[in-house]
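Structure first, then comments.
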Amino acid sequence: MDKLPCEVVRDLLPSYVDGLTSETTNRLVDEHVDTCAPCRAALDAMRTPEDTVEKSVKADREIDYLKKNKRHNRTVVLFSLAGALVLAFAVLLLRLFVIGEELTYGSVVPRNIRVDGNHLTAELDCLDSAHVIKAVYYEEEDGVVTLRARGVLVSFLYGPGTRADYTASAPIRQVRMPERIYWADGDAISKLASDVYLTRHDYMGDMSANNATANALGIYDYFGPYENELQTSERPYCWTIRPQNDLGGLDGVTLVDKMEETACVLFAVIGNLDRVVFEYDYNGSFTHYSFPADHYSKLFGQDIKTFGESPKTLEDLIRRVELKTF
């Protein structure tokens, strides 16, 4: 077949580019444009703008999709964060104003404690002005009733105080909160008696236990810094307390009374302590006082160790040594 003229090829190119021509026509056009630079240029001009536009449109579509997807993801993230914040705030409000938490030692004080056999009534005051008592819980073991109070932030939901009302399964011997005894065997128990009673131990060679008792008694607060010496090799077992400051600034009679009171309480709550010795300087003069347990057992007319058997008996001892009724 003769070669197609350029005019015919130019007329066929639009259909050729759109894929509308037959295979025979396509072959003839291909043969022509392979040897004809002007027709080949015309073909390229027809193809290039269309490819560019198609690619541009495709790219625009992809960009538009990515933008829409990014906006969607941003919206989802923002709503998720907002939802999480609202939920966290709601949980926080629920915890602070509805659920609450156990109130710590010292922030709740039971008063007007009344015990009638198995029945306990008391009024509980919250000393923390930011909280009110939501509820009172009771634990009972061998006649000891332990009160626990749960508090929430101040709101219109709860009043400033609450009433404890509990009937135990056995006669009540002691009423306490986790770290403090308030009532025992028909008598109110002071903080001093409670704190010291809770440090009772049998072996005076345990210096960490001794220190707990000394701290509860306030030995450091009254005598200042001191050193300890324990004699546990043979009876009488002795605890020597040596204040490091000159105690001349204290009234001598009051000082000795305080040492005697301290020794008596130590005897009551430390099982095998036989003797307490104080050694110190008083206006530059070395002074030594020794207090034997058996001496005070005779003065009280009973073994002084028996005063450590209960919070009530320890409270009696503290009152008696303070008032010198022995």
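In the structure tokens, chains take letters A, B, ... by order of appearance, with residues numbered from 1 within each chain and ligands from 1 in the order shown.
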Those of range 83-213 of chain A in DSSP alpha helix (DSSP H), formatted as an mmCIF file with N, CA and C atoms, in the first residue's frame:
```
data_model
loop_
_atom_site.group_PDB
_atom_site.id
_atom_site.type_symbol
_atom_site.label_atom_id
_atom_site.label_comp_id
_atom_site.auth_asym_id
_atom_site.auth_seq_id
_atom_site.Cartn_x
_atom_site.Cartn_y
_atom_site.Cartn_z
ATOM 1 N N GLY A 83 -14.002 14.090 74.426
ATOM 2 C CA GLY A 83 -14.734 13.056 75.159
ATOM 3 C C GLY A 83 -13.940 12.517 76.331
ATOM 4 N N ALA A 84 -12.620 12.305 76.102
ATOM 5 C CA ALA A 84 -11.760 11.807 77.182
ATOM 6 C C ALA A 84 -11.682 12.808 78.323
ATOM 7 N N LEU A 85 -11.573 14.098 77.982
ATOM 8 C CA LEU A 85 -11.513 15.131 79.023
ATOM 9 C C LEU A 85 -12.811 15.200 79.815
ATOM 10 N N VAL A 86 -13.918 15.121 79.118
ATOM 11 C CA VAL A 86 -15.216 15.153 79.805
ATOM 12 C C VAL A 86 -15.364 13.945 80.721
ATOM 13 N N LEU A 87 -14.958 12.777 80.228
ATOM 14 C CA LEU A 87 -15.040 11.561 81.039
ATOM 15 C C LEU A 87 -14.137 11.655 82.261
ATOM 16 N N ALA A 88 -12.885 12.137 82.057
ATOM 17 C CA ALA A 88 -11.955 12.264 83.174
ATOM 18 C C ALA A 88 -12.488 13.258 84.211
ATOM 19 N N PHE A 89 -13.067 14.352 83.735
ATOM 20 C CA PHE A 89 -13.618 15.350 84.656
ATOM 21 C C PHE A 89 -14.808 14.774 85.427
ATOM 22 N N ALA A 90 -15.629 13.996 84.735
ATOM 23 C CA ALA A 90 -16.784 13.386 85.394
ATOM 24 C C ALA A 90 -16.332 12.381 86.455
ATOM 25 N N VAL A 91 -15.308 11.583 86.120
ATOM 26 C CA VAL A 91 -14.777 10.609 87.084
ATOM 27 C C VAL A 91 -14.189 11.335 88.286
ATOM 28 N N LEU A 92 -13.468 12.439 88.027
ATOM 29 C CA LEU A 92 -12.882 13.209 89.119
ATOM 30 C C LEU A 92 -13.962 13.768 90.042
ATOM 31 N N LEU A 93 -15.006 14.335 89.462
ATOM 32 C CA LEU A 93 -16.109 14.857 90.276
ATOM 33 C C LEU A 93 -16.784 13.752 91.066
ATOM 34 N N LEU A 94 -16.952 12.596 90.426
ATOM 35 C CA LEU A 94 -17.575 11.459 91.101
ATOM 36 C C LEU A 94 -16.744 11.024 92.300
ATOM 37 N N LYS A 191 -4.737 10.675 124.167
ATOM 38 C CA LYS A 191 -3.831 10.419 123.040
ATOM 39 C C LYS A 191 -2.511 9.840 123.541
ATOM 40 N N LEU A 192 -2.014 10.348 124.666
ATOM 41 C CA LEU A 192 -0.750 9.848 125.204
ATOM 42 C C LEU A 192 -0.863 8.368 125.548
ATOM 43 N N ALA A 193 -1.900 7.988 126.282
ATOM 44 C CA ALA A 193 -2.067 6.591 126.666
ATOM 45 C C ALA A 193 -2.236 5.711 125.435
ATOM 46 N N SER A 194 -3.007 6.183 124.462
ATOM 47 C CA SER A 194 -3.217 5.404 123.238
ATOM 48 C C SER A 194 -1.906 5.217 122.478
ATOM 49 N N ASP A 195 -1.181 6.306 122.256
ATOM 50 C CA ASP A 195 0.062 6.233 121.480
ATOM 51 C C ASP A 195 1.069 5.304 122.144
ATOM 52 N N VAL A 196 1.204 5.424 123.478
ATOM 53 C CA VAL A 196 2.183 4.586 124.185
ATOM 54 C C VAL A 196 1.731 3.132 124.195
ATOM 55 N N TYR A 197 0.455 2.902 124.452
ATOM 56 C CA TYR A 197 -0.065 1.532 124.522
ATOM 57 C C TYR A 197 0.186 0.785 123.212
ATOM 58 N N MET A 207 15.912 -2.105 120.275
ATOM 59 C CA MET A 207 16.037 -0.651 120.389
ATOM 60 C C MET A 207 15.067 0.089 119.474
ATOM 61 N N SER A 208 14.736 -0.479 118.325
ATOM 62 C CA SER A 208 13.775 0.202 117.443
ATOM 63 C C SER A 208 12.404 0.273 118.105
ATOM 64 N N ALA A 209 12.011 -0.808 118.809
ATOM 65 C CA ALA A 209 10.744 -0.793 119.545
ATOM 66 C C ALA A 209 10.827 0.173 120.723
ATOM 67 N N ASN A 210 11.986 0.208 121.396
ATOM 68 C CA ASN A 210 12.177 1.166 122.490
ATOM 69 C C ASN A 210 12.024 2.604 121.990
ATOM 70 N N ASN A 211 12.592 2.876 120.833
ATOM 71 C CA ASN A 211 12.516 4.236 120.287
ATOM 72 C C ASN A 211 11.076 4.624 119.964
ATOM 73 N N ALA A 212 10.292 3.656 119.481
ATOM 74 C CA ALA A 212 8.887 3.951 119.209
ATOM 75 C C ALA A 212 8.167 4.354 120.490
ATOM 76 N N THR A 213 8.450 3.634 121.579
ATOM 77 C CA THR A 213 7.834 3.977 122.863
ATOM 78 C C THR A 213 8.338 5.328 123.361
#
```
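Near range 123-130 of chain A, within 8 Å and counting only C-alpha atoms, sit Gly106, Ser107, Val108, Val109, Pro110, Arg111, Asn112, Ile113, Leu153, Val154, Pro160, Gly161, Thr162, Arg163 and Ala164 of chain A, not including residues fewer than 4 positions from it in the same chain.
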Atoms kept (N, CA and C atoms) for selection, written as a PDB file, in the first residue's frame:
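Below is the file selection.pdb, written as the result:
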```
ATOM      1  N   GLY A 106      -6.345  11.725 112.510  1.00  0.00           N
ATOM      2  CA  GLY A 106      -6.316  13.098 112.998  1.00  0.00           C
ATOM      3  C   GLY A 106      -7.337  14.006 112.352  1.00  0.00           C
ATOM      4  N   SER A 107      -7.871  13.597 111.183  1.00  0.00           N
ATOM      5  CA  SER A 107      -8.859  14.447 110.525  1.00  0.00           C
ATOM      6  C   SER A 107     -10.278  14.131 110.980  1.00  0.00           C
ATOM      7  N   VAL A 108     -10.460  13.014 111.682  1.00  0.00           N
ATOM      8  CA  VAL A 108     -11.766  12.639 112.211  1.00  0.00           C
ATOM      9  C   VAL A 108     -11.628  12.345 113.702  1.00  0.00           C
ATOM     10  N   VAL A 109     -12.507  12.922 114.501  1.00  0.00           N
ATOM     11  CA  VAL A 109     -12.471  12.714 115.949  1.00  0.00           C
ATOM     12  C   VAL A 109     -13.843  12.250 116.424  1.00  0.00           C
ATOM     13  N   PRO A 110     -13.923  11.049 117.040  1.00  0.00           N
ATOM     14  CA  PRO A 110     -15.187  10.625 117.654  1.00  0.00           C
ATOM     15  C   PRO A 110     -15.329  11.245 119.041  1.00  0.00           C
ATOM     16  N   ARG A 111     -16.501  11.732 119.357  1.00  0.00           N
ATOM     17  CA  ARG A 111     -16.734  12.310 120.680  1.00  0.00           C
ATOM     18  C   ARG A 111     -18.081  11.802 121.207  1.00  0.00           C
ATOM     19  N   ASN A 112     -18.285  12.045 122.488  1.00  0.00           N
ATOM     20  CA  ASN A 112     -19.512  11.565 123.133  1.00  0.00           C
ATOM     21  C   ASN A 112     -19.732  10.069 122.877  1.00  0.00           C
ATOM     22  N   ILE A 113     -18.649   9.311 123.054  1.00  0.00           N
ATOM     23  CA  ILE A 113     -18.746   7.861 122.851  1.00  0.00           C
ATOM     24  C   ILE A 113     -19.544   7.242 123.988  1.00  0.00           C
ATOM     25  N   LEU A 153     -15.548  15.896  99.380  1.00  0.00           N
ATOM     26  CA  LEU A 153     -15.448  17.347  99.459  1.00  0.00           C
ATOM     27  C   LEU A 153     -16.783  17.952  99.890  1.00  0.00           C
ATOM     28  N   VAL A 154     -16.687  19.097 100.546  1.00  0.00           N
ATOM     29  CA  VAL A 154     -17.876  19.773 101.062  1.00  0.00           C
ATOM     30  C   VAL A 154     -18.841  20.083  99.913  1.00  0.00           C
ATOM     31  N   PRO A 160     -22.158  18.427 107.965  1.00  0.00           N
ATOM     32  CA  PRO A 160     -20.806  18.590 108.522  1.00  0.00           C
ATOM     33  C   PRO A 160     -20.378  17.475 109.464  1.00  0.00           C
ATOM     34  N   GLY A 161     -21.275  16.713 110.031  1.00  0.00           N
ATOM     35  CA  GLY A 161     -20.919  15.653 110.977  1.00  0.00           C
ATOM     36  C   GLY A 161     -21.787  14.436 110.750  1.00  0.00           C
ATOM     37  N   THR A 162     -21.482  13.395 111.481  1.00  0.00           N
ATOM     38  CA  THR A 162     -22.305  12.196 111.329  1.00  0.00           C
ATOM     39  C   THR A 162     -22.330  11.434 112.643  1.00  0.00           C
ATOM     40  N   ARG A 163     -23.215  10.479 112.734  1.00  0.00           N
ATOM     41  CA  ARG A 163     -23.400   9.711 113.954  1.00  0.00           C
ATOM     42  C   ARG A 163     -23.004   8.258 113.705  1.00  0.00           C
ATOM     43  N   ALA A 164     -22.184   7.724 114.581  1.00  0.00           N
ATOM     44  CA  ALA A 164     -21.833   6.311 114.532  1.00  0.00           C
ATOM     45  C   ALA A 164     -22.832   5.539 115.382  1.00  0.00           C
TER      46      ALA A 164
END
```
Exercise. Which value, in Å to one decimal, gives the distance between CA of Val276 in chain A and CA of Tyr296 in chain A?
Worked result: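 Value for the CA of Val276 in chain A-CA of Tyr296 in chain A distance: 11.7 Å.
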Problem set entry | Spatial neighbours of Ser15 in chain A, max dist 12 Å, only C-alpha atoms, sep filter under 3 positions, as a PyMOL selection string | chain A and resi 8-12+18-22+25-26+29+43+46-47
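Nearest residue to Thr254 in chain A among A:Phe223, A:Tyr203, A:Phe326, A:Phe291 is A:Phe223, counting only C-alpha atoms.
From CA of Leu323 in chain A back to CA of Tyr237 in chain A, the distance works out to 27.7 Å.
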For this session: Extract, using only C-alpha atoms, all DNA, RNA and protein residues at most 8 Å from Leu317 in chain A, discarding same-chain residues fewer than 4 positions from it, and format them as a PyMOL selection string.
Result: chain A and resi 265+307+313+321
For this session: Please report, as a ChimeraX atom specification, each residue of range 20-149 of chain A to which DSSP assigns strand (DSSP E or B) when run on this structure's backbone.
Result: /A:101-102,108-116,119-126,131-141,144-149
Please produce a file of those selected residues containing C-alpha atoms, as a PDB file, in the first residue's frame.
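Saved result, out17.pdb, follows:
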```
ATOM      1  CA  GLU A 101     -11.671   8.459 100.191  1.00  0.00           C
ATOM      2  CA  GLU A 102     -10.799   7.220 103.658  1.00  0.00           C
ATOM      3  CA  VAL A 108     -11.766  12.639 112.211  1.00  0.00           C
ATOM      4  CA  VAL A 109     -12.471  12.714 115.949  1.00  0.00           C
ATOM      5  CA  PRO A 110     -15.187  10.625 117.654  1.00  0.00           C
ATOM      6  CA  ARG A 111     -16.734  12.310 120.680  1.00  0.00           C
ATOM      7  CA  ASN A 112     -19.512  11.565 123.133  1.00  0.00           C
ATOM      8  CA  ILE A 113     -18.746   7.861 122.851  1.00  0.00           C
ATOM      9  CA  ARG A 114     -21.380   5.769 124.604  1.00  0.00           C
ATOM     10  CA  VAL A 115     -21.182   2.018 124.928  1.00  0.00           C
ATOM     11  CA  ASP A 116     -24.006  -0.080 126.348  1.00  0.00           C
ATOM     12  CA  HIS A 119     -24.175  -1.175 121.321  1.00  0.00           C
ATOM     13  CA  LEU A 120     -22.040   1.805 120.369  1.00  0.00           C
ATOM     14  CA  THR A 121     -23.077   5.363 119.606  1.00  0.00           C
ATOM     15  CA  ALA A 122     -20.784   8.289 118.976  1.00  0.00           C
ATOM     16  CA  GLU A 123     -20.625  11.587 117.155  1.00  0.00           C
ATOM     17  CA  LEU A 124     -17.886  11.972 114.552  1.00  0.00           C
ATOM     18  CA  ASP A 125     -16.499  15.380 113.629  1.00  0.00           C
ATOM     19  CA  CYS A 126     -14.328  16.040 110.588  1.00  0.00           C
ATOM     20  CA  HIS A 131     -14.182  17.489 103.663  1.00  0.00           C
ATOM     21  CA  VAL A 132     -17.318  16.118 105.230  1.00  0.00           C
ATOM     22  CA  ILE A 133     -17.957  12.578 106.405  1.00  0.00           C
ATOM     23  CA  LYS A 134     -19.893  10.524 103.865  1.00  0.00           C
ATOM     24  CA  ALA A 135     -20.082   7.215 105.697  1.00  0.00           C
ATOM     25  CA  VAL A 136     -18.745   5.288 108.684  1.00  0.00           C
ATOM     26  CA  TYR A 137     -17.582   1.684 108.446  1.00  0.00           C
ATOM     27  CA  TYR A 138     -17.053  -0.747 111.302  1.00  0.00           C
ATOM     28  CA  GLU A 139     -14.625  -3.595 111.904  1.00  0.00           C
ATOM     29  CA  GLU A 140     -15.063  -5.865 114.880  1.00  0.00           C
ATOM     30  CA  GLU A 141     -12.631  -8.331 116.436  1.00  0.00           C
ATOM     31  CA  VAL A 144     -12.621  -4.214 119.671  1.00  0.00           C
ATOM     32  CA  VAL A 145     -14.614  -2.013 117.296  1.00  0.00           C
ATOM     33  CA  THR A 146     -12.595  -0.004 114.793  1.00  0.00           C
ATOM     34  CA  LEU A 147     -14.246   2.931 113.067  1.00  0.00           C
ATOM     35  CA  ARG A 148     -13.287   4.053 109.582  1.00  0.00           C
ATOM     36  CA  ALA A 149     -14.682   7.208 108.020  1.00  0.00           C
TER      37      ALA A 149
END
```
